[in-house]
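Working notes, beginning with the structure itself.
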There are 2 protein chains.
Amino acid sequence: MNTQATVAIAPRLLNGLNVDAAMTTIQAIQNDPEIAQFQFRARNRWIDGGENRSTVKDFYGAKAEDMSRTETWEFTNGEPPILLGKNEGANPVEFLLHALAGCVTTTFVLHAIARGIAIHSLSTELEGDIDLHGLLGLNEDIPAGYREIRVKMHVEADCSDEALEDLLAFAQAHSPVCNTICRPVPVKIERAE
Amino acid sequence: MNTQATVAIAPRLLNGLNVDAAMTTIQAIQNDPEIAQFQFRARNRWIDGGENRSTVKDFYGAKAEDMSRTETWEFTNGEPPILLGKNEGANPVEFLLHALAGCVTTTFVLHAIARGIAIHSLSTELEGDIDLHGLLGLNEDIPAGYREIRVKMHVEADCSDEALEDLLAFAQAHSPVCNTICRPVPVKIERAE
């Protein structure tokens with residue numbers, strides 16, 4: 001048996017990610033920047049009161065519509081009774097925290113493989129402060145959104161504390177959701193004909 | 001039968017929201033601004049590769065920990081194969097669109113009741129552009145997050161087009177998630193001891 005050939009075929013995994021596929025993607029983007037252009041989408045329908053539901057499936061990336069997904073995911077926004085709802089689901093500002101947690105985590109794990117760092121465990125706790133004066137239009141000096149979001153990360157990995165701190169700073173700066181929150185991103189809303 | 005008493009007890013609903021409860025909340029906040037201070041939370045755990053899972057349940061608001069929720073919601077972030085995952089779930093930037101869709105919708109529906117506008121139907125389609133050069137750290141001039149997010153809203157309501165446009169502009173300016181995206185919001189990430 002040719003063990004060398006077996007080694008060459010098995011994907012090199014680190015943190016559950018295929019290291020060679022990651023390197024191939026980076027090489028492909030460097031050869032053709034258009035491959036890096038992605039468009040993500042969601043559709044949402046109001047049900048009643050504070051309840052509404054999104055579906056997520058299709059997206060565009062690497063110069064083509066994605067065809068890999070067979071499932072359409074559905075997510076329900078709701079509100080607690082104190083915010084006039086019936087706990088039909090988590091509310092939108094909580095989903096935002098879920099998105100942020102996931103994005104910082106995935107960005108951290110992805111850039112760990114570029115540095116050869118194996119991560120053993122990783123979890124986060126998030127909290128964010130909102131003053132309802134903003135949402136309710138009771139005080140135009142108070143922003144409607146989060147005043148600040150705090151993320152506490154528990155991580156165990158096979159590297160020094162210094163290397164972890166450096167990786168964390170890099171992940172924070174390169175996480176798409178974190179960047180969308182930290183930076184002013186234009187949202188254009190218009191009525192359909 | 002005293003029909004007047006029956007009318008007084010039945011909640012006045014508009015767009016599925018209790019109008020009197022909304023007015024009572026606003027009055028309470030005007031009497032005691034501390035009632036408007038909320039803190040929302042999420043916890044997330046990395047599973048493997050691009051998969052991680054959040055739980056959402058508790059929050060603080062109106063000067064107390066909320067006790068209304070019996071269910072803990074779980075949401076799974078994943079990535080498509082082209083982004084090194086196995087379609088374990090929608091990805092974080094898609095969850096962000098879900099959060100934005102829901103928040104603009106709920107803010108729209110909420111402020112419609114303040115204006116006495118009955119909404120018959122409301123749905124949105126969202127799309128946002130991301131250039132992977134940012135996430136991958138291949139070009140520090142390209143932001144990691146969304147370049148722009150577009151929301152197309154289909155709405156039918158018992159008011160003029162002008163009134164709808166005005167309500168839409170107000171909802172956009174007062175939606176907590178929309179405001180968090182449009183405005184630079186500080187995200188503080190630190191490692192737990």
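By order of appearance in the structure tokens: chains A, B, ..., then residues from 1 within every chain, and ligands from 1 in the order shown.
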
10 Å contact set for segment 100-109 of chain B, only C-alpha atoms, chain neighbours under 6 positions out, as a PyMOL selection string: (chain A and resi 42-46+48-54+75-79+91-93+95-96+135-136+187+189) or (chain B and resi 14-17+94+117-119+122-126+149+151-153+164+167-181)

Name the residues in contact with Ile29 of chain A at a cut-off of 12 Å, using only C-alpha atoms, excluding same-chain residues fewer than 4 positions from it; report them as a ChimeraX atom specification. /A:22-25,33-37,61-63 /B:131-134,136-139

For the strand (DSSP E or B) assignment from backbone DSSP, which residues of segment 39-172 of chain A qualify? Please present them as a ChimeraX atom specification. /A:39-48,51-56,59-61,64-65,73-77,119-131,149-157

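Note that the spacing between atom CA of Ala21 of chain B and atom CA of Asp66 of chain B amounts to 17.2 Å.
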
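For the pair atom CA of Glu148 of chain B and atom CA of Arg191 of chain A, the separation is 17.0 Å.
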
Find, counting only C-alpha atoms, the residue in B:Gly145, B:Cys159, B:Thr70, B:Ala112 that gets nearest to chain A. B:Gly145

Which residues, written as a VMD selection string, have at least one atom at most 10 Å from Asp58 of chain A, with only C-alpha atoms counted and residues fewer than 2 positions away on the same chain left out? chain A and resid 39 to 42 55 to 56 60 65 to 72

Would you please extract all helix (DSSP H, G or I) residues from chain A, as assigned by DSSP on the backbone, and give them as a PDB file with N, CA and C atoms, in the first residue's frame?
```pdb
ATOM      1  N   THR A   3       1.379   4.495   1.277  1.00  0.00           N
ATOM      2  CA  THR A   3       0.859   5.374   2.339  1.00  0.00           C
ATOM      3  C   THR A   3       0.996   6.848   1.974  1.00  0.00           C
ATOM      4  N   GLN A   4       2.003   7.169   1.172  1.00  0.00           N
ATOM      5  CA  GLN A   4       2.171   8.569   0.758  1.00  0.00           C
ATOM      6  C   GLN A   4       0.937   9.077   0.014  1.00  0.00           C
ATOM      7  N   ALA A   5       0.418   8.246  -0.899  1.00  0.00           N
ATOM      8  CA  ALA A   5      -0.752   8.644  -1.661  1.00  0.00           C
ATOM      9  C   ALA A   5      -1.946   8.840  -0.734  1.00  0.00           C
ATOM     10  N   THR A   6      -2.092   7.976   0.288  1.00  0.00           N
ATOM     11  CA  THR A   6      -3.204   8.089   1.235  1.00  0.00           C
ATOM     12  C   THR A   6      -3.131   9.426   1.976  1.00  0.00           C
ATOM     13  N   VAL A   7      -1.939   9.764   2.402  1.00  0.00           N
ATOM     14  CA  VAL A   7      -1.749  11.033   3.123  1.00  0.00           C
ATOM     15  C   VAL A   7      -2.126  12.211   2.221  1.00  0.00           C
ATOM     16  N   ALA A   8      -1.762  12.121   0.971  1.00  0.00           N
ATOM     17  CA  ALA A   8      -2.033  13.228   0.058  1.00  0.00           C
ATOM     18  C   ALA A   8      -3.527  13.409  -0.175  1.00  0.00           C
ATOM     19  N   ILE A   9      -4.313  12.319  -0.139  1.00  0.00           N
ATOM     20  CA  ILE A   9      -5.741  12.404  -0.420  1.00  0.00           C
ATOM     21  C   ILE A   9      -6.536  12.901   0.800  1.00  0.00           C
ATOM     22  N   VAL A  19      -7.639  22.842   5.722  1.00  0.00           N
ATOM     23  CA  VAL A  19      -6.565  23.826   5.563  1.00  0.00           C
ATOM     24  C   VAL A  19      -6.218  24.038   4.086  1.00  0.00           C
ATOM     25  N   ASP A  20      -6.173  22.941   3.329  1.00  0.00           N
ATOM     26  CA  ASP A  20      -5.805  23.071   1.912  1.00  0.00           C
ATOM     27  C   ASP A  20      -6.875  23.819   1.129  1.00  0.00           C
ATOM     28  N   ALA A  21      -8.159  23.545   1.458  1.00  0.00           N
ATOM     29  CA  ALA A  21      -9.251  24.253   0.776  1.00  0.00           C
ATOM     30  C   ALA A  21      -9.168  25.750   1.070  1.00  0.00           C
ATOM     31  N   ALA A  22      -8.830  26.090   2.315  1.00  0.00           N
ATOM     32  CA  ALA A  22      -8.699  27.506   2.678  1.00  0.00           C
ATOM     33  C   ALA A  22      -7.589  28.164   1.877  1.00  0.00           C
ATOM     34  N   MET A  23      -6.465  27.469   1.760  1.00  0.00           N
ATOM     35  CA  MET A  23      -5.329  28.032   1.016  1.00  0.00           C
ATOM     36  C   MET A  23      -5.669  28.151  -0.474  1.00  0.00           C
ATOM     37  N   THR A  24      -6.391  27.153  -0.996  1.00  0.00           N
ATOM     38  CA  THR A  24      -6.794  27.185  -2.407  1.00  0.00           C
ATOM     39  C   THR A  24      -7.719  28.372  -2.672  1.00  0.00           C
ATOM     40  N   THR A  25      -8.650  28.634  -1.730  1.00  0.00           N
ATOM     41  CA  THR A  25      -9.574  29.763  -1.874  1.00  0.00           C
ATOM     42  C   THR A  25      -8.816  31.087  -1.899  1.00  0.00           C
ATOM     43  N   ILE A  26      -7.872  31.231  -0.981  1.00  0.00           N
ATOM     44  CA  ILE A  26      -7.089  32.472  -0.925  1.00  0.00           C
ATOM     45  C   ILE A  26      -6.292  32.670  -2.217  1.00  0.00           C
ATOM     46  N   GLN A  27      -5.717  31.578  -2.701  1.00  0.00           N
ATOM     47  CA  GLN A  27      -4.948  31.647  -3.955  1.00  0.00           C
ATOM     48  C   GLN A  27      -5.858  32.048  -5.117  1.00  0.00           C
ATOM     49  N   ALA A  28      -7.060  31.447  -5.155  1.00  0.00           N
ATOM     50  CA  ALA A  28      -8.011  31.738  -6.234  1.00  0.00           C
ATOM     51  C   ALA A  28      -8.415  33.209  -6.219  1.00  0.00           C
ATOM     52  N   ILE A  29      -8.640  33.767  -5.028  1.00  0.00           N
ATOM     53  CA  ILE A  29      -9.036  35.175  -4.914  1.00  0.00           C
ATOM     54  C   ILE A  29      -7.882  36.091  -5.333  1.00  0.00           C
ATOM     55  N   GLN A  30      -6.680  35.678  -5.000  1.00  0.00           N
ATOM     56  CA  GLN A  30      -5.531  36.510  -5.391  1.00  0.00           C
ATOM     57  C   GLN A  30      -5.348  36.521  -6.910  1.00  0.00           C
ATOM     58  N   ASN A  31      -5.735  35.400  -7.542  1.00  0.00           N
ATOM     59  CA  ASN A  31      -5.658  35.331  -9.012  1.00  0.00           C
ATOM     60  C   ASN A  31      -6.816  36.068  -9.672  1.00  0.00           C
ATOM     61  N   PRO A  33      -9.839  38.630  -8.232  1.00  0.00           N
ATOM     62  CA  PRO A  33     -10.514  39.298  -7.105  1.00  0.00           C
ATOM     63  C   PRO A  33     -12.046  39.199  -7.160  1.00  0.00           C
ATOM     64  N   GLU A  34     -12.591  38.989  -8.351  1.00  0.00           N
ATOM     65  CA  GLU A  34     -14.045  38.906  -8.509  1.00  0.00           C
ATOM     66  C   GLU A  34     -14.637  37.731  -7.726  1.00  0.00           C
ATOM     67  N   ILE A  35     -13.835  36.704  -7.494  1.00  0.00           N
ATOM     68  CA  ILE A  35     -14.280  35.524  -6.734  1.00  0.00           C
ATOM     69  C   ILE A  35     -14.690  35.908  -5.312  1.00  0.00           C
ATOM     70  N   ALA A  36     -14.132  37.011  -4.796  1.00  0.00           N
ATOM     71  CA  ALA A  36     -14.394  37.420  -3.404  1.00  0.00           C
ATOM     72  C   ALA A  36     -15.709  38.168  -3.221  1.00  0.00           C
ATOM     73  N   PRO A  81     -43.613  39.739  26.581  1.00  0.00           N
ATOM     74  CA  PRO A  81     -44.807  40.506  26.962  1.00  0.00           C
ATOM     75  C   PRO A  81     -44.505  41.950  27.357  1.00  0.00           C
ATOM     76  N   ILE A  82     -43.371  42.175  28.021  1.00  0.00           N
ATOM     77  CA  ILE A  82     -43.060  43.546  28.461  1.00  0.00           C
ATOM     78  C   ILE A  82     -42.815  44.462  27.259  1.00  0.00           C
ATOM     79  N   LEU A  83     -42.527  43.845  26.092  1.00  0.00           N
ATOM     80  CA  LEU A  83     -42.391  44.618  24.853  1.00  0.00           C
ATOM     81  C   LEU A  83     -43.556  44.291  23.913  1.00  0.00           C
ATOM     82  N   PRO A  92     -35.339  40.747  17.614  1.00  0.00           N
ATOM     83  CA  PRO A  92     -34.293  41.089  16.635  1.00  0.00           C
ATOM     84  C   PRO A  92     -32.959  41.503  17.258  1.00  0.00           C
ATOM     85  N   VAL A  93     -32.975  42.249  18.349  1.00  0.00           N
ATOM     86  CA  VAL A  93     -31.687  42.668  18.924  1.00  0.00           C
ATOM     87  C   VAL A  93     -30.952  41.493  19.560  1.00  0.00           C
ATOM     88  N   GLU A  94     -31.696  40.454  19.940  1.00  0.00           N
ATOM     89  CA  GLU A  94     -31.048  39.232  20.440  1.00  0.00           C
ATOM     90  C   GLU A  94     -30.458  38.431  19.270  1.00  0.00           C
ATOM     91  N   PHE A  95     -31.172  38.380  18.158  1.00  0.00           N
ATOM     92  CA  PHE A  95     -30.612  37.714  16.967  1.00  0.00           C
ATOM     93  C   PHE A  95     -29.332  38.411  16.513  1.00  0.00           C
ATOM     94  N   LEU A  96     -29.286  39.723  16.667  1.00  0.00           N
ATOM     95  CA  LEU A  96     -28.055  40.454  16.313  1.00  0.00           C
ATOM     96  C   LEU A  96     -26.877  39.970  17.162  1.00  0.00           C
ATOM     97  N   LEU A  97     -27.115  39.737  18.449  1.00  0.00           N
ATOM     98  CA  LEU A  97     -26.044  39.226  19.320  1.00  0.00           C
ATOM     99  C   LEU A  97     -25.613  37.825  18.886  1.00  0.00           C
ATOM    100  N   HIS A  98     -26.598  37.002  18.508  1.00  0.00           N
ATOM    101  CA  HIS A  98     -26.272  35.649  17.997  1.00  0.00           C
ATOM    102  C   HIS A  98     -25.382  35.755  16.752  1.00  0.00           C
ATOM    103  N   ALA A  99     -25.733  36.653  15.852  1.00  0.00           N
ATOM    104  CA  ALA A  99     -24.952  36.840  14.626  1.00  0.00           C
ATOM    105  C   ALA A  99     -23.526  37.287  14.963  1.00  0.00           C
ATOM    106  N   LEU A 100     -23.410  38.218  15.891  1.00  0.00           N
ATOM    107  CA  LEU A 100     -22.092  38.735  16.287  1.00  0.00           C
ATOM    108  C   LEU A 100     -21.250  37.642  16.938  1.00  0.00           C
ATOM    109  N   ALA A 101     -21.866  36.887  17.848  1.00  0.00           N
ATOM    110  CA  ALA A 101     -21.139  35.807  18.539  1.00  0.00           C
ATOM    111  C   ALA A 101     -20.591  34.811  17.521  1.00  0.00           C
ATOM    112  N   GLY A 102     -21.458  34.423  16.580  1.00  0.00           N
ATOM    113  CA  GLY A 102     -21.056  33.418  15.592  1.00  0.00           C
ATOM    114  C   GLY A 102     -19.959  33.918  14.682  1.00  0.00           C
ATOM    115  N   CYS A 103     -20.044  35.175  14.307  1.00  0.00           N
ATOM    116  CA  CYS A 103     -19.092  35.720  13.352  1.00  0.00           C
ATOM    117  C   CYS A 103     -17.709  35.901  13.976  1.00  0.00           C
ATOM    118  N   VAL A 104     -17.665  36.411  15.197  1.00  0.00           N
ATOM    119  CA  VAL A 104     -16.374  36.561  15.881  1.00  0.00           C
ATOM    120  C   VAL A 104     -15.745  35.183  16.082  1.00  0.00           C
ATOM    121  N   THR A 105     -16.575  34.209  16.426  1.00  0.00           N
ATOM    122  CA  THR A 105     -16.089  32.839  16.660  1.00  0.00           C
ATOM    123  C   THR A 105     -15.512  32.233  15.379  1.00  0.00           C
ATOM    124  N   THR A 106     -16.277  32.310  14.291  1.00  0.00           N
ATOM    125  CA  THR A 106     -15.817  31.706  13.033  1.00  0.00           C
ATOM    126  C   THR A 106     -14.578  32.414  12.496  1.00  0.00           C
ATOM    127  N   THR A 107     -14.538  33.733  12.630  1.00  0.00           N
ATOM    128  CA  THR A 107     -13.364  34.485  12.169  1.00  0.00           C
ATOM    129  C   THR A 107     -12.130  34.107  12.992  1.00  0.00           C
ATOM    130  N   PHE A 108     -12.344  33.931  14.279  1.00  0.00           N
ATOM    131  CA  PHE A 108     -11.260  33.517  15.189  1.00  0.00           C
ATOM    132  C   PHE A 108     -10.713  32.149  14.792  1.00  0.00           C
ATOM    133  N   VAL A 109     -11.637  31.215  14.562  1.00  0.00           N
ATOM    134  CA  VAL A 109     -11.264  29.837  14.229  1.00  0.00           C
ATOM    135  C   VAL A 109     -10.572  29.781  12.870  1.00  0.00           C
ATOM    136  N   LEU A 110     -11.073  30.571  11.925  1.00  0.00           N
ATOM    137  CA  LEU A 110     -10.495  30.598  10.580  1.00  0.00           C
ATOM    138  C   LEU A 110      -9.064  31.121  10.599  1.00  0.00           C
ATOM    139  N   HIS A 111      -8.848  32.241  11.284  1.00  0.00           N
ATOM    140  CA  HIS A 111      -7.499  32.816  11.281  1.00  0.00           C
ATOM    141  C   HIS A 111      -6.549  32.042  12.192  1.00  0.00           C
ATOM    142  N   ALA A 112      -7.103  31.236  13.094  1.00  0.00           N
ATOM    143  CA  ALA A 112      -6.244  30.351  13.901  1.00  0.00           C
ATOM    144  C   ALA A 112      -5.529  29.346  12.991  1.00  0.00           C
ATOM    145  N   ILE A 113      -6.247  28.861  11.968  1.00  0.00           N
ATOM    146  CA  ILE A 113      -5.585  27.851  11.117  1.00  0.00           C
ATOM    147  C   ILE A 113      -4.445  28.482  10.312  1.00  0.00           C
ATOM    148  N   ALA A 114      -4.592  29.759   9.946  1.00  0.00           N
ATOM    149  CA  ALA A 114      -3.514  30.430   9.212  1.00  0.00           C
ATOM    150  C   ALA A 114      -2.265  30.544  10.088  1.00  0.00           C
ATOM    151  N   LEU A 132     -34.832  52.344  25.693  1.00  0.00           N
ATOM    152  CA  LEU A 132     -36.050  52.361  24.876  1.00  0.00           C
ATOM    153  C   LEU A 132     -36.519  53.762  24.481  1.00  0.00           C
ATOM    154  N   HIS A 133     -35.960  54.796  25.117  1.00  0.00           N
ATOM    155  CA  HIS A 133     -36.301  56.156  24.692  1.00  0.00           C
ATOM    156  C   HIS A 133     -36.030  56.334  23.197  1.00  0.00           C
ATOM    157  N   GLY A 134     -34.987  55.643  22.706  1.00  0.00           N
ATOM    158  CA  GLY A 134     -34.639  55.760  21.283  1.00  0.00           C
ATOM    159  C   GLY A 134     -35.682  55.134  20.389  1.00  0.00           C
ATOM    160  N   LEU A 135     -35.970  53.849  20.604  1.00  0.00           N
ATOM    161  CA  LEU A 135     -36.977  53.132  19.801  1.00  0.00           C
ATOM    162  C   LEU A 135     -38.315  53.856  19.812  1.00  0.00           C
ATOM    163  N   ASP A 161      -0.685  32.933  25.766  1.00  0.00           N
ATOM    164  CA  ASP A 161      -1.681  33.984  25.997  1.00  0.00           C
ATOM    165  C   ASP A 161      -1.483  35.145  25.033  1.00  0.00           C
ATOM    166  N   GLU A 162      -0.234  35.468  24.790  1.00  0.00           N
ATOM    167  CA  GLU A 162       0.089  36.584  23.894  1.00  0.00           C
ATOM    168  C   GLU A 162      -0.420  36.298  22.470  1.00  0.00           C
ATOM    169  N   ALA A 163      -0.193  35.064  22.013  1.00  0.00           N
ATOM    170  CA  ALA A 163      -0.646  34.684  20.666  1.00  0.00           C
ATOM    171  C   ALA A 163      -2.183  34.717  20.598  1.00  0.00           C
ATOM    172  N   LEU A 164      -2.832  34.338  21.691  1.00  0.00           N
ATOM    173  CA  LEU A 164      -4.300  34.363  21.719  1.00  0.00           C
ATOM    174  C   LEU A 164      -4.830  35.790  21.665  1.00  0.00           C
ATOM    175  N   GLU A 165      -4.200  36.671  22.417  1.00  0.00           N
ATOM    176  CA  GLU A 165      -4.615  38.075  22.421  1.00  0.00           C
ATOM    177  C   GLU A 165      -4.454  38.680  21.031  1.00  0.00           C
ATOM    178  N   ASP A 166      -3.372  38.340  20.378  1.00  0.00           N
ATOM    179  CA  ASP A 166      -3.104  38.859  19.045  1.00  0.00           C
ATOM    180  C   ASP A 166      -4.138  38.322  18.049  1.00  0.00           C
ATOM    181  N   LEU A 167      -4.451  37.045  18.162  1.00  0.00           N
ATOM    182  CA  LEU A 167      -5.454  36.431  17.292  1.00  0.00           C
ATOM    183  C   LEU A 167      -6.829  37.050  17.544  1.00  0.00           C
ATOM    184  N   LEU A 168      -7.141  37.304  18.805  1.00  0.00           N
ATOM    185  CA  LEU A 168      -8.445  37.887  19.139  1.00  0.00           C
ATOM    186  C   LEU A 168      -8.592  39.287  18.538  1.00  0.00           C
ATOM    187  N   ALA A 169      -7.548  40.083  18.640  1.00  0.00           N
ATOM    188  CA  ALA A 169      -7.584  41.437  18.057  1.00  0.00           C
ATOM    189  C   ALA A 169      -7.762  41.367  16.542  1.00  0.00           C
ATOM    190  N   PHE A 170      -7.090  40.395  15.927  1.00  0.00           N
ATOM    191  CA  PHE A 170      -7.201  40.239  14.477  1.00  0.00           C
ATOM    192  C   PHE A 170      -8.615  39.806  14.090  1.00  0.00           C
ATOM    193  N   ALA A 171      -9.171  38.852  14.844  1.00  0.00           N
ATOM    194  CA  ALA A 171     -10.523  38.355  14.561  1.00  0.00           C
ATOM    195  C   ALA A 171     -11.559  39.476  14.717  1.00  0.00           C
ATOM    196  N   GLN A 172     -11.385  40.294  15.763  1.00  0.00           N
ATOM    197  CA  GLN A 172     -12.311  41.410  15.973  1.00  0.00           C
ATOM    198  C   GLN A 172     -12.280  42.370  14.784  1.00  0.00           C
ATOM    199  N   ALA A 173     -11.093  42.643  14.285  1.00  0.00           N
ATOM    200  CA  ALA A 173     -10.943  43.608  13.187  1.00  0.00           C
ATOM    201  C   ALA A 173     -11.413  43.045  11.845  1.00  0.00           C
ATOM    202  N   HIS A 174     -11.491  41.717  11.724  1.00  0.00           N
ATOM    203  CA  HIS A 174     -11.807  41.107  10.428  1.00  0.00           C
ATOM    204  C   HIS A 174     -13.112  40.331  10.416  1.00  0.00           C
ATOM    205  N   PRO A 176     -16.854  40.006   9.750  1.00  0.00           N
ATOM    206  CA  PRO A 176     -17.823  40.796   8.980  1.00  0.00           C
ATOM    207  C   PRO A 176     -18.966  41.382   9.830  1.00  0.00           C
ATOM    208  N   VAL A 177     -19.533  40.617  10.752  1.00  0.00           N
ATOM    209  CA  VAL A 177     -20.630  41.168  11.551  1.00  0.00           C
ATOM    210  C   VAL A 177     -20.104  42.217  12.525  1.00  0.00           C
ATOM    211  N   CYS A 178     -18.971  41.934  13.174  1.00  0.00           N
ATOM    212  CA  CYS A 178     -18.394  42.911  14.110  1.00  0.00           C
ATOM    213  C   CYS A 178     -18.072  44.206  13.372  1.00  0.00           C
ATOM    214  N   ASN A 179     -17.521  44.090  12.187  1.00  0.00           N
ATOM    215  CA  ASN A 179     -17.188  45.270  11.390  1.00  0.00           C
ATOM    216  C   ASN A 179     -18.441  46.030  10.968  1.00  0.00           C
ATOM    217  N   THR A 180     -19.505  45.300  10.654  1.00  0.00           N
ATOM    218  CA  THR A 180     -20.768  45.948  10.253  1.00  0.00           C
ATOM    219  C   THR A 180     -21.370  46.738  11.414  1.00  0.00           C
ATOM    220  N   ILE A 181     -21.158  46.255  12.629  1.00  0.00           N
ATOM    221  CA  ILE A 181     -21.687  46.946  13.810  1.00  0.00           C
ATOM    222  C   ILE A 181     -20.796  48.125  14.201  1.00  0.00           C
ATOM    223  N   CYS A 182     -19.472  47.916  14.154  1.00  0.00           N
ATOM    224  CA  CYS A 182     -18.535  48.955  14.611  1.00  0.00           C
ATOM    225  C   CYS A 182     -18.414  50.124  13.640  1.00  0.00           C
TER     226      CYS A 182
END
```

So, with only C-alpha atoms as the atoms that count, which of A:Arg12, A:Glu88, A:Glu140, A:Ile47 lies closest to Ser121 of chain B? A:Ile47

Coordinates-based distance that separates atom CA of Phe59 of chain A from atom CA of Tyr146 of chain B (Å, one decimal):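 Result for atom CA of Tyr146 of chain B versus atom CA of Phe59 of chain A: 14.0 Å, one decimal.
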
Return the single residue from B:Ala144, B:Val185, B:Val155, B:Leu84 that is closest to Ile130 of chain A, with distances computed using only C-alpha atoms.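 The answer is B:Val185, which sits nearest to Ile130 of chain A.
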
Which residue gives the smallest distance to chain B among A:Ser160, A:Arg150, A:Leu13, A:Lys86, with only C-alpha atoms counted?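 Ranking A:Ser160, A:Arg150, A:Leu13, A:Lys86 by distance to chain B, first place goes to A:Arg150.
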
Counting only C-alpha atoms, figure out which residue out of B:Asp158, B:Asp32, B:Gly89, B:Asp141 gets nearest to Gly116 of chain B.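 Among B:Asp158, B:Asp32, B:Gly89, B:Asp141, it is B:Asp158 that comes nearest to Gly116 of chain B.
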